[in-house]
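Student: Supplied in structure tokens, the structure appears directly below.
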Amino acid sequence: MTYEEYLDEVTTLIVEKYGVADAAAIKIVVDAQDKEYFVAHDDKPEMRTVERAHSDARTLYQASGLAQKAAPGKKK
């Protein structure tokens with residue numbers, strides 16, 4: 001898949017798997033791009049797989065801080 005399709009896939013997975021609003025998922029992916037998280041994905045097309053998108057979606061969601069807010073029983 002293209003780089004843009006890959007970013008769309010990661011965004012969609014964050015929405016579908018973690019119940020994050022579209023705008024929040026887009027922000028997570030854009031912030032990751034700003035931090036150059038996806039540079040290797042752009043350079044190496046073999047990294048742009050559905051399996052890798054699932055892994056990246058999980059990693060980015062957990063790093064976003066939203067996972068901690070959504071976890072039941074966690075104190076803020």
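Residues are referred to by chain and number: the chain letter is A, B, ... according to the order shown in the structure tokens, the number counts from 1 in that chain, and ligands are numbered separately from 1 in the order shown.
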Write out as an NGL selection string the residues lying within 12 Å of Met47 in chain A, counting only C-alpha atoms and excluding same-chain residues fewer than 3 positions away.

Tutor: :A and (1-3 or 6-7 or 38-44 or 50-56)

Student: Pull the helix (DSSP H, G or I) assignments for chain A out of DSSP run on the backbone, and list those residues as a ChimeraX atom specification.

Tutor: /A:3-18,22-34,39-43,45-47,50-63,66-70

Student: Using only C-alpha atoms, which of A:Ala63, A:Glu36, A:Lys69, A:Thr11 sits nearest Ala24 in chain A?

Tutor: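 Looking at the shortest contact to Ala24 in chain A, the residue is A:Thr11.
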
Student: For Ala67 in chain A, which residue among A:Thr49, A:Asp34, A:Tyr18, A:Val10 is the nearest when counting only C-alpha atoms?

Tutor: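 Nearest candidate to Ala67 in chain A out of A:Thr49, A:Asp34, A:Tyr18, A:Val10: A:Tyr18.
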
Student: Pick the closest to Glu5 in chain A from A:Ala57, A:Arg48, A:Gln68, A:Ala21: which is it, counting only C-alpha atoms?

Tutor: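 Going through A:Ala57, A:Arg48, A:Gln68, A:Ala21 one by one, the smallest distance to Glu5 in chain A is for A:Arg48.
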
Student: Could you tell me how far CA of Asp22 in chain A lies from CA of Pro45 in chain A, in Å and to one decimal?

Tutor: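 Atom-to-atom, CA of Asp22 in chain A and CA of Pro45 in chain A are spaced 25.3 Å apart.
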
Student: Quick one, how far is CA of Glu46 in chain A from CA of Leu66 in chain A?

Tutor: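 Separation of CA of Glu46 in chain A and CA of Leu66 in chain A: 29.0 Å.
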
Student: Separation of CA of Gln33 in chain A and CA of Val20 in chain A, in Å?

Tutor: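 Answer for the CA of Gln33 in chain A to CA of Val20 in chain A separation: 18.2 Å.
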